[in-house]
file coords_2.tsv (TSV, C-alpha atoms)
chain	number	residue	atom	x	y	z
Z	16	MET	CA	22.16	-3.17	-32.67
Z	17	GLU	CA	19.82	-1.15	-34.85
Z	18	TRP	CA	16.09	-1.00	-35.37
Z	19	THR	CA	13.97	0.50	-38.09
Z	20	ILE	CA	11.52	3.26	-37.31
Z	21	GLN	CA	8.62	0.80	-37.54
Z	22	GLN	CA	10.27	-1.69	-35.17
Z	23	LEU	CA	10.93	1.02	-32.60
Z	24	ALA	CA	7.42	2.46	-32.94
Z	25	ASP	CA	5.79	-0.96	-32.51
Z	26	SER	CA	7.90	-1.78	-29.46
Z	27	ALA	CA	7.19	1.58	-27.81
Z	28	GLY	CA	3.47	1.51	-28.58
Z	29	ILE	CA	3.57	4.72	-30.60
Z	30	THR	CA	3.32	5.50	-34.29
Z	31	SER	CA	6.13	5.91	-36.77
Z	32	ARG	CA	4.57	9.31	-37.55
Z	33	THR	CA	5.32	10.33	-33.95
Z	34	LEU	CA	8.95	9.29	-34.31
Z	35	ARG	CA	9.25	11.24	-37.55
Z	36	HIS	CA	7.85	14.29	-35.77
Z	37	TYR	CA	10.36	13.85	-32.93
Z	38	ASP	CA	13.09	13.79	-35.57
Z	39	GLU	CA	11.77	16.90	-37.33
Z	40	ILE	CA	11.83	18.97	-34.13
Z	41	GLY	CA	15.23	17.64	-33.08
Z	42	LEU	CA	13.92	15.75	-30.06
Z	43	LEU	CA	14.89	12.25	-31.20
Z	44	PRO	CA	17.01	12.10	-34.35
Z	45	PRO	CA	17.80	8.62	-35.68
Z	46	ALA	CA	21.23	7.14	-35.14
Z	47	ARG	CA	21.66	7.16	-38.90
Z	48	VAL	CA	19.69	7.52	-42.10
Z	49	GLY	CA	20.23	4.94	-44.85
Z	50	HIS	CA	20.93	5.79	-48.46
Z	51	ASN	CA	17.28	5.04	-49.17
Z	52	GLY	CA	16.12	7.57	-46.55
Z	53	TYR	CA	15.16	4.97	-43.94
Z	54	ARG	CA	15.73	5.95	-40.31
Z	55	PHE	CA	17.62	3.56	-38.02
Z	56	TYR	CA	17.80	3.77	-34.21
Z	57	ASP	CA	20.36	2.31	-31.79
Z	58	THR	CA	20.39	1.60	-28.03
Z	59	ASP	CA	21.14	5.25	-27.19
Z	60	SER	CA	18.07	6.22	-29.20
Z	61	VAL	CA	15.97	3.75	-27.24
Z	62	ALA	CA	17.25	5.11	-23.92
Z	63	ARG	CA	16.41	8.67	-25.00
Z	64	LEU	CA	12.94	7.57	-26.14
Z	65	GLN	CA	12.33	5.98	-22.73
Z	66	ARG	CA	12.98	9.33	-21.05
Z	67	ILE	CA	10.82	11.17	-23.57
Z	68	LEU	CA	7.87	8.84	-22.97
Z	69	LEU	CA	8.25	9.13	-19.19
Z	70	LEU	CA	8.33	12.91	-19.29
Z	71	ARG	CA	5.38	13.00	-21.71
Z	72	GLU	CA	3.43	10.86	-19.25
Z	73	LEU	CA	4.14	13.49	-16.61
Z	74	GLY	CA	2.42	16.05	-18.82
Z	75	LEU	CA	5.50	18.01	-19.88
Z	76	SER	CA	5.53	19.70	-23.27
Z	77	LEU	CA	7.90	18.61	-26.03
Z	78	PRO	CA	9.98	21.85	-25.86
Z	79	THR	CA	10.34	21.37	-22.08
Z	80	ILE	CA	11.37	17.74	-22.58
Z	81	ALA	CA	13.97	18.79	-25.13
Z	82	GLU	CA	15.36	21.34	-22.68
Z	83	ILE	CA	15.57	18.73	-19.93
Z	84	LEU	CA	17.24	16.08	-22.10
Z	85	ASP	CA	19.76	18.50	-23.60
Z	86	ARG	CA	20.60	20.20	-20.31
Z	87	PRO	CA	24.24	19.79	-19.23
Z	88	SER	CA	24.56	17.02	-16.63
Z	89	GLU	CA	25.97	19.39	-14.03
Z	90	GLN	CA	22.94	21.71	-14.24
Z	91	ALA	CA	20.38	21.14	-11.48
Z	92	PRO	CA	16.83	20.01	-12.36
Z	93	THR	CA	14.08	22.61	-12.23
Z	94	ASP	CA	11.44	22.68	-9.48
Z	95	ALA	CA	8.78	21.84	-12.07
Z	96	GLU	CA	10.67	18.75	-13.17
Z	97	ASP	CA	11.21	17.59	-9.59
Z	98	THR	CA	7.52	18.10	-8.78
Z	99	ALA	CA	6.44	16.15	-11.84
Z	100	LEU	CA	8.83	13.29	-11.14
Z	101	LEU	CA	7.77	13.07	-7.48
Z	102	ALA	CA	4.10	13.04	-8.45
Z	103	HIS	CA	4.73	10.23	-10.92
Z	104	LEU	CA	6.75	8.32	-8.33
Z	105	ARG	CA	3.88	8.50	-5.83
Z	106	PHE	CA	1.47	7.29	-8.51
Z	107	LEU	CA	3.70	4.32	-9.37
Z	108	GLU	CA	4.15	3.42	-5.69
Z	109	ALA	CA	0.39	3.46	-5.18
Z	110	GLU	CA	-0.09	1.31	-8.26
Z	111	ARG	CA	2.57	-1.12	-7.01
Z	112	ALA	CA	0.80	-1.44	-3.65
Z	113	ARG	CA	-2.54	-2.04	-5.38
Z	114	ILE	CA	-1.03	-4.67	-7.66
Z	115	ASP	CA	0.74	-6.37	-4.72
Z	116	ASP	CA	-2.62	-6.57	-2.93
Z	117	ARG	CA	-4.22	-8.22	-5.94
Z	118	ILE	CA	-1.32	-10.63	-6.33
Z	119	GLY	CA	-1.80	-11.67	-2.69
Z	120	ALA	CA	-5.52	-12.11	-3.21
Z	121	LEU	CA	-5.00	-14.25	-6.29
Z	122	ARG	CA	-2.44	-16.39	-4.46
Z	123	HIS	CA	-5.00	-17.00	-1.72
Z	124	THR	CA	-7.53	-17.99	-4.36
Z	125	LEU	CA	-5.09	-20.47	-5.91
Z	126	ASP	CA	-4.27	-21.89	-2.46
Z	127	THR	CA	-7.96	-22.30	-1.77
Z	128	ARG	CA	-8.62	-23.99	-5.11
Z	129	ALA	CA	-5.78	-26.37	-4.28
Z	130	GLY	CA	-7.61	-27.43	-1.12
Z	131	ALA	CA	-6.39	-24.97	1.53
Z	132	GLU	CA	-8.90	-23.35	3.87
Z	133	GLY	CA	-9.77	-19.87	2.67
Z	134	SER	CA	-12.35	-17.14	2.92
Z	135	LEU	CA	-14.13	-14.83	0.52
Z	136	GLN	CA	-12.70	-11.76	2.26
Z	137	MET	CA	-9.14	-13.07	1.98
Z	138	MET	CA	-9.60	-13.84	-1.70
Z	139	LEU	CA	-10.91	-10.32	-2.35
Z	140	GLU	CA	-8.33	-8.47	-0.26
Z	141	GLY	CA	-6.89	-5.67	-2.36
Z	142	PHE	CA	-9.98	-5.51	-4.54
Z	143	ASN	CA	-12.27	-4.20	-1.81
Z	144	ASP	CA	-11.02	-3.32	1.69
Z	145	PRO	CA	-14.07	-2.44	3.83
Z	146	TYR	CA	-11.98	-0.73	6.52
Z	147	ARG	CA	-9.69	1.32	4.27
Z	148	ASP	CA	-11.55	4.63	4.50
Z	149	GLU	CA	-12.12	4.25	8.23
Z	150	VAL	CA	-8.46	3.56	9.00
Z	151	ILE	CA	-7.29	6.45	6.84
Z	152	ALA	CA	-9.80	8.81	8.44
Z	153	ARG	CA	-8.69	7.87	11.96
Z	154	TRP	CA	-4.94	7.31	11.62
Z	155	GLY	CA	-3.87	8.46	8.17
Z	156	GLU	CA	-3.05	6.85	4.84
Z	157	ALA	CA	0.50	5.93	5.88
Z	158	ALA	CA	-0.88	3.79	8.71
Z	159	PHE	CA	-3.25	2.02	6.34
Z	160	GLU	CA	-0.57	1.37	3.72
Z	161	ALA	CA	1.91	0.02	6.28
Z	162	SER	CA	-0.58	-2.36	7.90
Z	163	ASN	CA	-2.10	-3.34	4.55
Z	164	GLN	CA	1.27	-4.27	3.06
Z	165	TRP	CA	2.18	-6.17	6.24
Z	166	TRP	CA	-1.06	-8.16	6.02
Z	167	HIS	CA	-0.72	-9.02	2.34
Z	168	ALA	CA	2.89	-10.11	2.81
Z	169	LYS	CA	1.58	-12.97	4.94
Z	170	SER	CA	0.77	-16.34	3.44
Z	171	LEU	CA	-2.73	-17.76	3.81
Z	172	GLN	CA	-1.46	-20.01	6.61
Z	173	GLN	CA	0.11	-17.05	8.44
Z	174	GLN	CA	-3.12	-15.10	8.15
Z	175	ARG	CA	-5.08	-18.01	9.61
Z	176	GLU	CA	-2.59	-18.28	12.50
Z	177	TRP	CA	-2.92	-14.55	13.16
Z	178	LYS	CA	-6.70	-14.90	13.20
Z	179	ARG	CA	-6.46	-17.82	15.65
Z	180	ASP	CA	-4.30	-15.71	17.98
Z	181	LEU	CA	-6.90	-12.94	17.83
Z	182	ASP	CA	-9.72	-15.39	18.54
Z	183	ASP	CA	-7.77	-16.75	21.52
Z	184	MET	CA	-7.26	-13.24	22.90
Z	185	ILE	CA	-10.98	-12.48	22.59
Z	186	ALA	CA	-11.86	-15.81	24.23
Z	187	THR	CA	-9.56	-14.98	27.15
Z	188	TRP	CA	-11.27	-11.60	27.53
Z	189	ILE	CA	-14.64	-13.35	27.73
Z	190	THR	CA	-13.34	-15.86	30.29
Z	191	THR	CA	-11.85	-13.07	32.41
Z	192	TRP	CA	-15.14	-11.16	32.38
Z	193	LYS	CA	-17.22	-14.25	33.19
Z	194	SER	CA	-14.94	-14.96	36.16
Z	195	GLY	CA	-16.20	-11.76	37.76
Z	196	HIS	CA	-12.98	-9.77	37.65
Z	197	THR	CA	-13.13	-5.98	37.68
Z	198	PRO	CA	-11.37	-3.83	35.04
Z	199	ASP	CA	-8.64	-2.83	37.52
Z	200	SER	CA	-7.97	-6.40	38.68
Z	201	THR	CA	-4.65	-8.13	37.99
Z	202	PRO	CA	-6.15	-10.64	35.48
Z	203	ALA	CA	-7.93	-7.87	33.57
Z	204	GLN	CA	-4.82	-5.67	33.46
Z	205	SER	CA	-2.70	-8.63	32.39
Z	206	GLN	CA	-5.10	-9.22	29.53
Z	207	ALA	CA	-5.05	-5.50	28.67
Z	208	ALA	CA	-1.24	-5.64	28.49
Z	209	ARG	CA	-1.55	-8.60	26.11
Z	210	HIS	CA	-3.96	-6.62	23.97
Z	211	ILE	CA	-1.58	-3.64	23.84
Z	212	ALA	CA	1.28	-5.95	22.87
Z	213	TRP	CA	-0.91	-7.29	20.06
Z	214	PHE	CA	-1.47	-3.76	18.77
Z	215	ARG	CA	2.29	-3.22	18.71
Z	216	THR	CA	2.76	-6.09	16.26
Z	217	ILE	CA	0.76	-4.26	13.58
Z	218	PRO	CA	2.95	-1.89	11.49
Z	219	GLY	CA	1.58	1.58	11.00
Z	220	THR	CA	-0.10	1.83	14.40
Z	221	PRO	CA	1.13	4.54	16.80
Z	222	LEU	CA	2.05	1.78	19.25
Z	223	ALA	CA	4.27	0.13	16.67
Z	224	ASP	CA	5.84	3.52	15.90
Z	225	GLY	CA	6.47	4.29	19.59
Z	226	ASP	CA	4.38	7.47	19.56
Z	227	ARG	CA	3.06	7.63	23.15
Z	228	ALA	CA	0.58	10.48	22.74
Z	229	ARG	CA	-0.99	9.01	19.63
Z	230	SER	CA	-0.88	5.53	21.16
Z	231	ILE	CA	-2.98	6.72	24.08
Z	232	ALA	CA	-5.46	8.30	21.68
Z	233	MET	CA	-5.58	5.16	19.56
Z	234	VAL	CA	-6.12	2.70	22.40
Z	235	THR	CA	-8.79	4.95	23.92
Z	236	ALA	CA	-10.58	5.21	20.56
Z	237	MET	CA	-10.38	1.47	19.96
Z	238	ALA	CA	-11.64	0.75	23.47
Z	239	ASP	CA	-14.71	2.87	22.77
Z	240	LEU	CA	-15.23	1.13	19.44
Z	241	TYR	CA	-15.23	-2.29	21.10
Z	242	ALA	CA	-18.17	-1.23	23.25
Z	243	ASP	CA	-20.04	1.18	20.95
Z	244	ASP	CA	-19.65	-0.23	17.44
Z	245	PRO	CA	-21.80	-3.35	16.81
Z	246	ARG	CA	-19.21	-4.72	14.37
Z	247	TYR	CA	-16.66	-4.96	17.18
Z	248	ALA	CA	-18.92	-5.51	20.17
Z	249	ALA	CA	-20.43	-8.63	18.59
Z	250	ALA	CA	-17.04	-10.37	18.80
Z	251	TYR	CA	-17.29	-10.39	22.61
Z	252	GLY	CA	-20.73	-11.97	22.60
Z	253	ASN	CA	-22.23	-9.67	25.23
Z	254	PRO	CA	-22.45	-5.87	25.53
Z	255	ASN	CA	-21.34	-6.07	29.15
Z	256	CYS	CA	-18.24	-8.01	28.17
Z	257	ALA	CA	-17.41	-5.45	25.47
Z	258	ALA	CA	-17.79	-2.69	28.07
Z	259	PHE	CA	-15.51	-4.66	30.40
Z	260	VAL	CA	-12.82	-4.77	27.68
Z	261	ARG	CA	-13.22	-1.02	27.11
Z	262	ASP	CA	-12.89	-0.17	30.79
Z	263	SER	CA	-9.93	-2.52	31.28
Z	264	LEU	CA	-8.04	-0.99	28.37
Z	265	LYS	CA	-8.73	2.54	29.56
Z	266	GLU	CA	-7.54	1.60	33.04
Z	267	TYR	CA	-4.33	0.27	31.51
Z	268	VAL	CA	-3.90	3.52	29.57
Z	269	ARG	CA	-4.28	5.59	32.74
Z	270	ASN	CA	-1.81	3.59	34.78
Z	271	SER	CA	0.63	1.87	32.45
Z	272	LEU	CA	0.75	3.55	29.05
call {"tool": "encode", "arguments": {"input": "coords_2.tsv", "output": "structure tokens"}}
result
Amino acid sequence: MEWTIQQLADSAGITSRTLRHYDEIGLLPPARVGHNGYRFYDTDSVARLQRILLLRELGLSLPTIAEILDRPSEQAPTDAEDTALLAHLRFLEAERARIDDRIGALRHTLDTRAGAEGSLQMMLEGFNDPYRDEVIARWGEAAFEASNQWWHAKSLQQQREWKRDLDDMIATWITTWKSGHTPDSTPAQSQAARHIAWFRTIPGTPLADGDRARSIAMVTAMADLYADDPRYAAAYGNPNCAAFVRDSLKEYVRNSL
């Protein structure tokens, strides 16, 4: 198969002038030149152009690209090339995660428009995550990315089921507190164990990773948040109940974690 210089330029989103320049400097010669002077390119030319465009996107100069492409296959890549490729790989992975988030959000929107129960937050997941910066600041970007991808891999129905399980766990905490149990009581510690097990189901958390020291720090920090941060404390309906959850979790940490 062959393509003219204009066909190749149009497909690659560049100008034919650029391809002529690549030919002039020996970076991308045509597969053949017709008797009328027209340049024609084959599949090998296209493959070489793909590599050129990738390396240009990484910010490498044309002489450097030529050196890389013409290097013998047995010669090892340079540190500069490896660094550039790794940086581009990280960028593409981040873009893929962002796009996956938006795909999930749009699927939720379509499900909702078809009659399924939905929420504004679910439909905007991936466009605006209100807890992103907080999670990264506390536990690192890897933890956020792992849990975020896990969440967006769920269907709308699975997300609703997860939310129902969370609501049931909170309701049980409230019932345990109203029953007059102390944080070190068997019912309270049983509920704390359930809460810890719930944390372990979330990828990216130290508990899910089996890191004991960081798990202790995480549970202690979350226990304080439940009592001190209004966003979390409100879920338990009463400041005293939120404090009960905090003390129960910390008791579990001291004796069982």
call {"tool": "atom_distance", "arguments": {"input": "coords_2.tsv", "atom1": "CA of Asp239 in chain Z", "atom2": "CA of Trp165 in chain Z"}}
result
25.3 Å
call {"tool": "atom_distance", "arguments": {"input": "coords_2.tsv", "atom1": "CA of Ser60 in chain Z", "atom2": "CA of Pro44 in chain Z"}}
result
7.9 Å
call {"tool": "residues_around", "arguments": {"input": "coords_2.tsv", "residues": "Ser271 in chain Z", "least_positions_apart": "3", "cutoff": "12 Å", "atoms": "all atoms listed in the file", "output": "JSON, numbers by chain"}}
result
{"Z": [199, 204, 205, 207, 208, 211, 227, 230, 231, 263, 264, 265, 266, 267, 268]}
call {"tool": "closest_residue", "arguments": {"input": "coords_2.tsv", "among": "Z:Tyr241, Z:Tyr53, Z:Tyr37, Z:Trp166", "to": "Ala257 in chain Z", "atoms": "only C-alpha atoms"}}
result
Z:Tyr241
call {"tool": "closest_residue", "arguments": {"input": "coords_2.tsv", "among": "Z:Ala232, Z:Leu77, Z:Leu34, Z:Ala203", "to": "Phe259 in chain Z", "atoms": "all atoms listed in the file"}}
result
Z:Ala203
call {"tool": "closest_residue", "arguments": {"input": "coords_2.tsv", "among": "Z:Pro198, Z:Gly49, Z:Pro87, Z:Gly41", "to": "Thr19 in chain Z", "atoms": "all atoms listed in the file"}}
result
Z:Gly49
call {"tool": "closest_residue", "arguments": {"input": "coords_2.tsv", "among": "Z:Ala168, Z:Ala158, Z:Trp192, Z:Ile20", "to": "Ala258 in chain Z", "atoms": "only C-alpha atoms"}}
result
Z:Trp192
call {"tool": "closest_residue", "arguments": {"input": "coords_2.tsv", "among": "Z:Lys169, Z:Leu84, Z:Phe55, Z:Thr30", "to": "Leu69 in chain Z", "atoms": "only C-alpha atoms"}}
result
Z:Leu84
call {"tool": "atom_distance", "arguments": {"input": "coords_2.tsv", "atom1": "CA of Gly28 in chain Z", "atom2": "CA of Glu82 in chain Z"}}
result
23.9 Å
call {"tool": "closest_residue", "arguments": {"input": "coords_2.tsv", "among": "Z:Met237, Z:Ile83, Z:Ala186, Z:Ala249", "to": "Phe214 in chain Z", "atoms": "only C-alpha atoms"}}
result
Z:Met237
call {"tool": "residues_near_point", "arguments": {"input": "coords_2.tsv", "point": "(3.3, -2.5, 20.5)", "cutoff": "12 Å", "atoms": "all atoms listed in the file", "output": "PyMOL selection string"}}
result
chain Z and resi 208-227+230-231+233-234+272
call {"tool": "residues_near_point", "arguments": {"input": "coords_2.tsv", "point": "(-21.1, -9.3, 24.5)", "cutoff": "12 Å", "atoms": "only C-alpha atoms", "output": "ChimeraX atom specification"}}
result
/Z:185-186,188-190,192-193,241-261
call {"tool": "decode", "arguments": {"input": "coords_2.tsv", "residues": "range 199-234 of chain Z", "atoms": "N, CA and C atoms", "output": "PDB file, in the first residue's frame"}}
result
ATOM      1  N   ASP Z 199     -15.627   0.033  75.033  1.00  0.00           N
ATOM      2  CA  ASP Z 199     -14.875  -1.217  75.189  1.00  0.00           C
ATOM      3  C   ASP Z 199     -15.779  -2.435  75.330  1.00  0.00           C
ATOM      4  N   SER Z 200     -17.093  -2.251  75.187  1.00  0.00           N
ATOM      5  CA  SER Z 200     -18.023  -3.373  75.324  1.00  0.00           C
ATOM      6  C   SER Z 200     -17.921  -4.299  74.111  1.00  0.00           C
ATOM      7  N   THR Z 201     -18.418  -5.524  74.282  1.00  0.00           N
ATOM      8  CA  THR Z 201     -18.388  -6.495  73.182  1.00  0.00           C
ATOM      9  C   THR Z 201     -19.166  -6.015  71.960  1.00  0.00           C
ATOM     10  N   PRO Z 202     -20.400  -5.471  72.115  1.00  0.00           N
ATOM     11  CA  PRO Z 202     -21.123  -4.985  70.929  1.00  0.00           C
ATOM     12  C   PRO Z 202     -20.382  -3.864  70.207  1.00  0.00           C
ATOM     13  N   ALA Z 203     -19.791  -2.942  70.973  1.00  0.00           N
ATOM     14  CA  ALA Z 203     -19.078  -1.832  70.346  1.00  0.00           C
ATOM     15  C   ALA Z 203     -17.836  -2.329  69.622  1.00  0.00           C
ATOM     16  N   GLN Z 204     -17.104  -3.260  70.215  1.00  0.00           N
ATOM     17  CA  GLN Z 204     -15.898  -3.780  69.578  1.00  0.00           C
ATOM     18  C   GLN Z 204     -16.227  -4.664  68.379  1.00  0.00           C
ATOM     19  N   SER Z 205     -17.369  -5.332  68.431  1.00  0.00           N
ATOM     20  CA  SER Z 205     -17.819  -6.110  67.274  1.00  0.00           C
ATOM     21  C   SER Z 205     -18.135  -5.182  66.097  1.00  0.00           C
ATOM     22  N   GLN Z 206     -18.771  -4.067  66.427  1.00  0.00           N
ATOM     23  CA  GLN Z 206     -19.075  -3.088  65.381  1.00  0.00           C
ATOM     24  C   GLN Z 206     -17.799  -2.419  64.859  1.00  0.00           C
ATOM     25  N   ALA Z 207     -16.833  -2.193  65.732  1.00  0.00           N
ATOM     26  CA  ALA Z 207     -15.550  -1.629  65.298  1.00  0.00           C
ATOM     27  C   ALA Z 207     -14.841  -2.592  64.343  1.00  0.00           C
ATOM     28  N   ALA Z 208     -14.903  -3.885  64.644  1.00  0.00           N
ATOM     29  CA  ALA Z 208     -14.293  -4.886  63.763  1.00  0.00           C
ATOM     30  C   ALA Z 208     -14.966  -4.870  62.395  1.00  0.00           C
ATOM     31  N   ARG Z 209     -16.286  -4.692  62.399  1.00  0.00           N
ATOM     32  CA  ARG Z 209     -17.017  -4.598  61.123  1.00  0.00           C
ATOM     33  C   ARG Z 209     -16.554  -3.373  60.336  1.00  0.00           C
ATOM     34  N   HIS Z 210     -16.353  -2.283  61.046  1.00  0.00           N
ATOM     35  CA  HIS Z 210     -15.925  -1.050  60.392  1.00  0.00           C
ATOM     36  C   HIS Z 210     -14.530  -1.211  59.794  1.00  0.00           C
ATOM     37  N   ILE Z 211     -13.641  -1.863  60.518  1.00  0.00           N
ATOM     38  CA  ILE Z 211     -12.283  -2.121  60.018  1.00  0.00           C
ATOM     39  C   ILE Z 211     -12.337  -3.016  58.784  1.00  0.00           C
ATOM     40  N   ALA Z 212     -13.196  -4.028  58.825  1.00  0.00           N
ATOM     41  CA  ALA Z 212     -13.340  -4.924  57.673  1.00  0.00           C
ATOM     42  C   ALA Z 212     -13.851  -4.160  56.456  1.00  0.00           C
ATOM     43  N   TRP Z 213     -14.710  -3.185  56.700  1.00  0.00           N
ATOM     44  CA  TRP Z 213     -15.225  -2.340  55.614  1.00  0.00           C
ATOM     45  C   TRP Z 213     -14.095  -1.526  54.992  1.00  0.00           C
ATOM     46  N   PHE Z 214     -13.225  -0.976  55.837  1.00  0.00           N
ATOM     47  CA  PHE Z 214     -12.069  -0.240  55.315  1.00  0.00           C
ATOM     48  C   PHE Z 214     -11.220  -1.135  54.406  1.00  0.00           C
ATOM     49  N   ARG Z 215     -11.065  -2.390  54.799  1.00  0.00           N
ATOM     50  CA  ARG Z 215     -10.196  -3.296  54.038  1.00  0.00           C
ATOM     51  C   ARG Z 215     -10.717  -3.569  52.634  1.00  0.00           C
ATOM     52  N   THR Z 216     -12.003  -3.348  52.399  1.00  0.00           N
ATOM     53  CA  THR Z 216     -12.561  -3.615  51.073  1.00  0.00           C
ATOM     54  C   THR Z 216     -12.233  -2.516  50.080  1.00  0.00           C
ATOM     55  N   ILE Z 217     -11.672  -1.411  50.551  1.00  0.00           N
ATOM     56  CA  ILE Z 217     -11.423  -0.261  49.680  1.00  0.00           C
ATOM     57  C   ILE Z 217      -9.961  -0.278  49.228  1.00  0.00           C
ATOM     58  N   PRO Z 218      -9.695  -0.551  47.941  1.00  0.00           N
ATOM     59  CA  PRO Z 218      -8.307  -0.578  47.453  1.00  0.00           C
ATOM     60  C   PRO Z 218      -7.617   0.754  47.681  1.00  0.00           C
ATOM     61  N   GLY Z 219      -6.324   0.678  47.957  1.00  0.00           N
ATOM     62  CA  GLY Z 219      -5.546   1.883  48.160  1.00  0.00           C
ATOM     63  C   GLY Z 219      -5.378   2.265  49.616  1.00  0.00           C
ATOM     64  N   THR Z 220      -6.258   1.743  50.496  1.00  0.00           N
ATOM     65  CA  THR Z 220      -6.121   2.059  51.913  1.00  0.00           C
ATOM     66  C   THR Z 220      -5.007   1.204  52.510  1.00  0.00           C
ATOM     67  N   PRO Z 221      -4.339   1.696  53.549  1.00  0.00           N
ATOM     68  CA  PRO Z 221      -3.289   0.892  54.196  1.00  0.00           C
ATOM     69  C   PRO Z 221      -3.821  -0.449  54.689  1.00  0.00           C
ATOM     70  N   LEU Z 222      -5.085  -0.482  55.122  1.00  0.00           N
ATOM     71  CA  LEU Z 222      -5.663  -1.744  55.587  1.00  0.00           C
ATOM     72  C   LEU Z 222      -5.763  -2.739  54.446  1.00  0.00           C
ATOM     73  N   ALA Z 223      -6.165  -2.258  53.270  1.00  0.00           N
ATOM     74  CA  ALA Z 223      -6.250  -3.149  52.119  1.00  0.00           C
ATOM     75  C   ALA Z 223      -4.870  -3.633  51.699  1.00  0.00           C
ATOM     76  N   ASP Z 224      -3.854  -2.787  51.902  1.00  0.00           N
ATOM     77  CA  ASP Z 224      -2.483  -3.141  51.518  1.00  0.00           C
ATOM     78  C   ASP Z 224      -1.767  -3.982  52.573  1.00  0.00           C
ATOM     79  N   GLY Z 225      -2.374  -4.114  53.768  1.00  0.00           N
ATOM     80  CA  GLY Z 225      -1.750  -4.909  54.823  1.00  0.00           C
ATOM     81  C   GLY Z 225      -0.620  -4.211  55.542  1.00  0.00           C
ATOM     82  N   ASP Z 226      -0.581  -2.879  55.483  1.00  0.00           N
ATOM     83  CA  ASP Z 226       0.459  -2.102  56.151  1.00  0.00           C
ATOM     84  C   ASP Z 226      -0.028  -1.760  57.558  1.00  0.00           C
ATOM     85  N   ARG Z 227       0.455  -2.476  58.574  1.00  0.00           N
ATOM     86  CA  ARG Z 227      -0.081  -2.341  59.929  1.00  0.00           C
ATOM     87  C   ARG Z 227       0.157  -0.943  60.508  1.00  0.00           C
ATOM     88  N   ALA Z 228       1.380  -0.442  60.376  1.00  0.00           N
ATOM     89  CA  ALA Z 228       1.691   0.858  60.979  1.00  0.00           C
ATOM     90  C   ALA Z 228       0.842   1.965  60.370  1.00  0.00           C
ATOM     91  N   ARG Z 229       0.746   1.958  59.048  1.00  0.00           N
ATOM     92  CA  ARG Z 229      -0.063   2.984  58.395  1.00  0.00           C
ATOM     93  C   ARG Z 229      -1.546   2.748  58.617  1.00  0.00           C
ATOM     94  N   SER Z 230      -1.944   1.494  58.802  1.00  0.00           N
ATOM     95  CA  SER Z 230      -3.344   1.196  59.089  1.00  0.00           C
ATOM     96  C   SER Z 230      -3.761   1.794  60.428  1.00  0.00           C
ATOM     97  N   ILE Z 231      -2.886   1.648  61.420  1.00  0.00           N
ATOM     98  CA  ILE Z 231      -3.171   2.222  62.738  1.00  0.00           C
ATOM     99  C   ILE Z 231      -3.313   3.736  62.633  1.00  0.00           C
ATOM    100  N   ALA Z 232      -2.404   4.355  61.884  1.00  0.00           N
ATOM    101  CA  ALA Z 232      -2.464   5.806  61.717  1.00  0.00           C
ATOM    102  C   ALA Z 232      -3.729   6.221  60.984  1.00  0.00           C
ATOM    103  N   MET Z 233      -4.121   5.437  59.983  1.00  0.00           N
ATOM    104  CA  MET Z 233      -5.303   5.778  59.204  1.00  0.00           C
ATOM    105  C   MET Z 233      -6.576   5.667  60.037  1.00  0.00           C
ATOM    106  N   VAL Z 234      -6.733   4.545  60.725  1.00  0.00           N
ATOM    107  CA  VAL Z 234      -7.950   4.350  61.521  1.00  0.00           C
ATOM    108  C   VAL Z 234      -8.040   5.405  62.623  1.00  0.00           C
TER     109      VAL Z 234
END
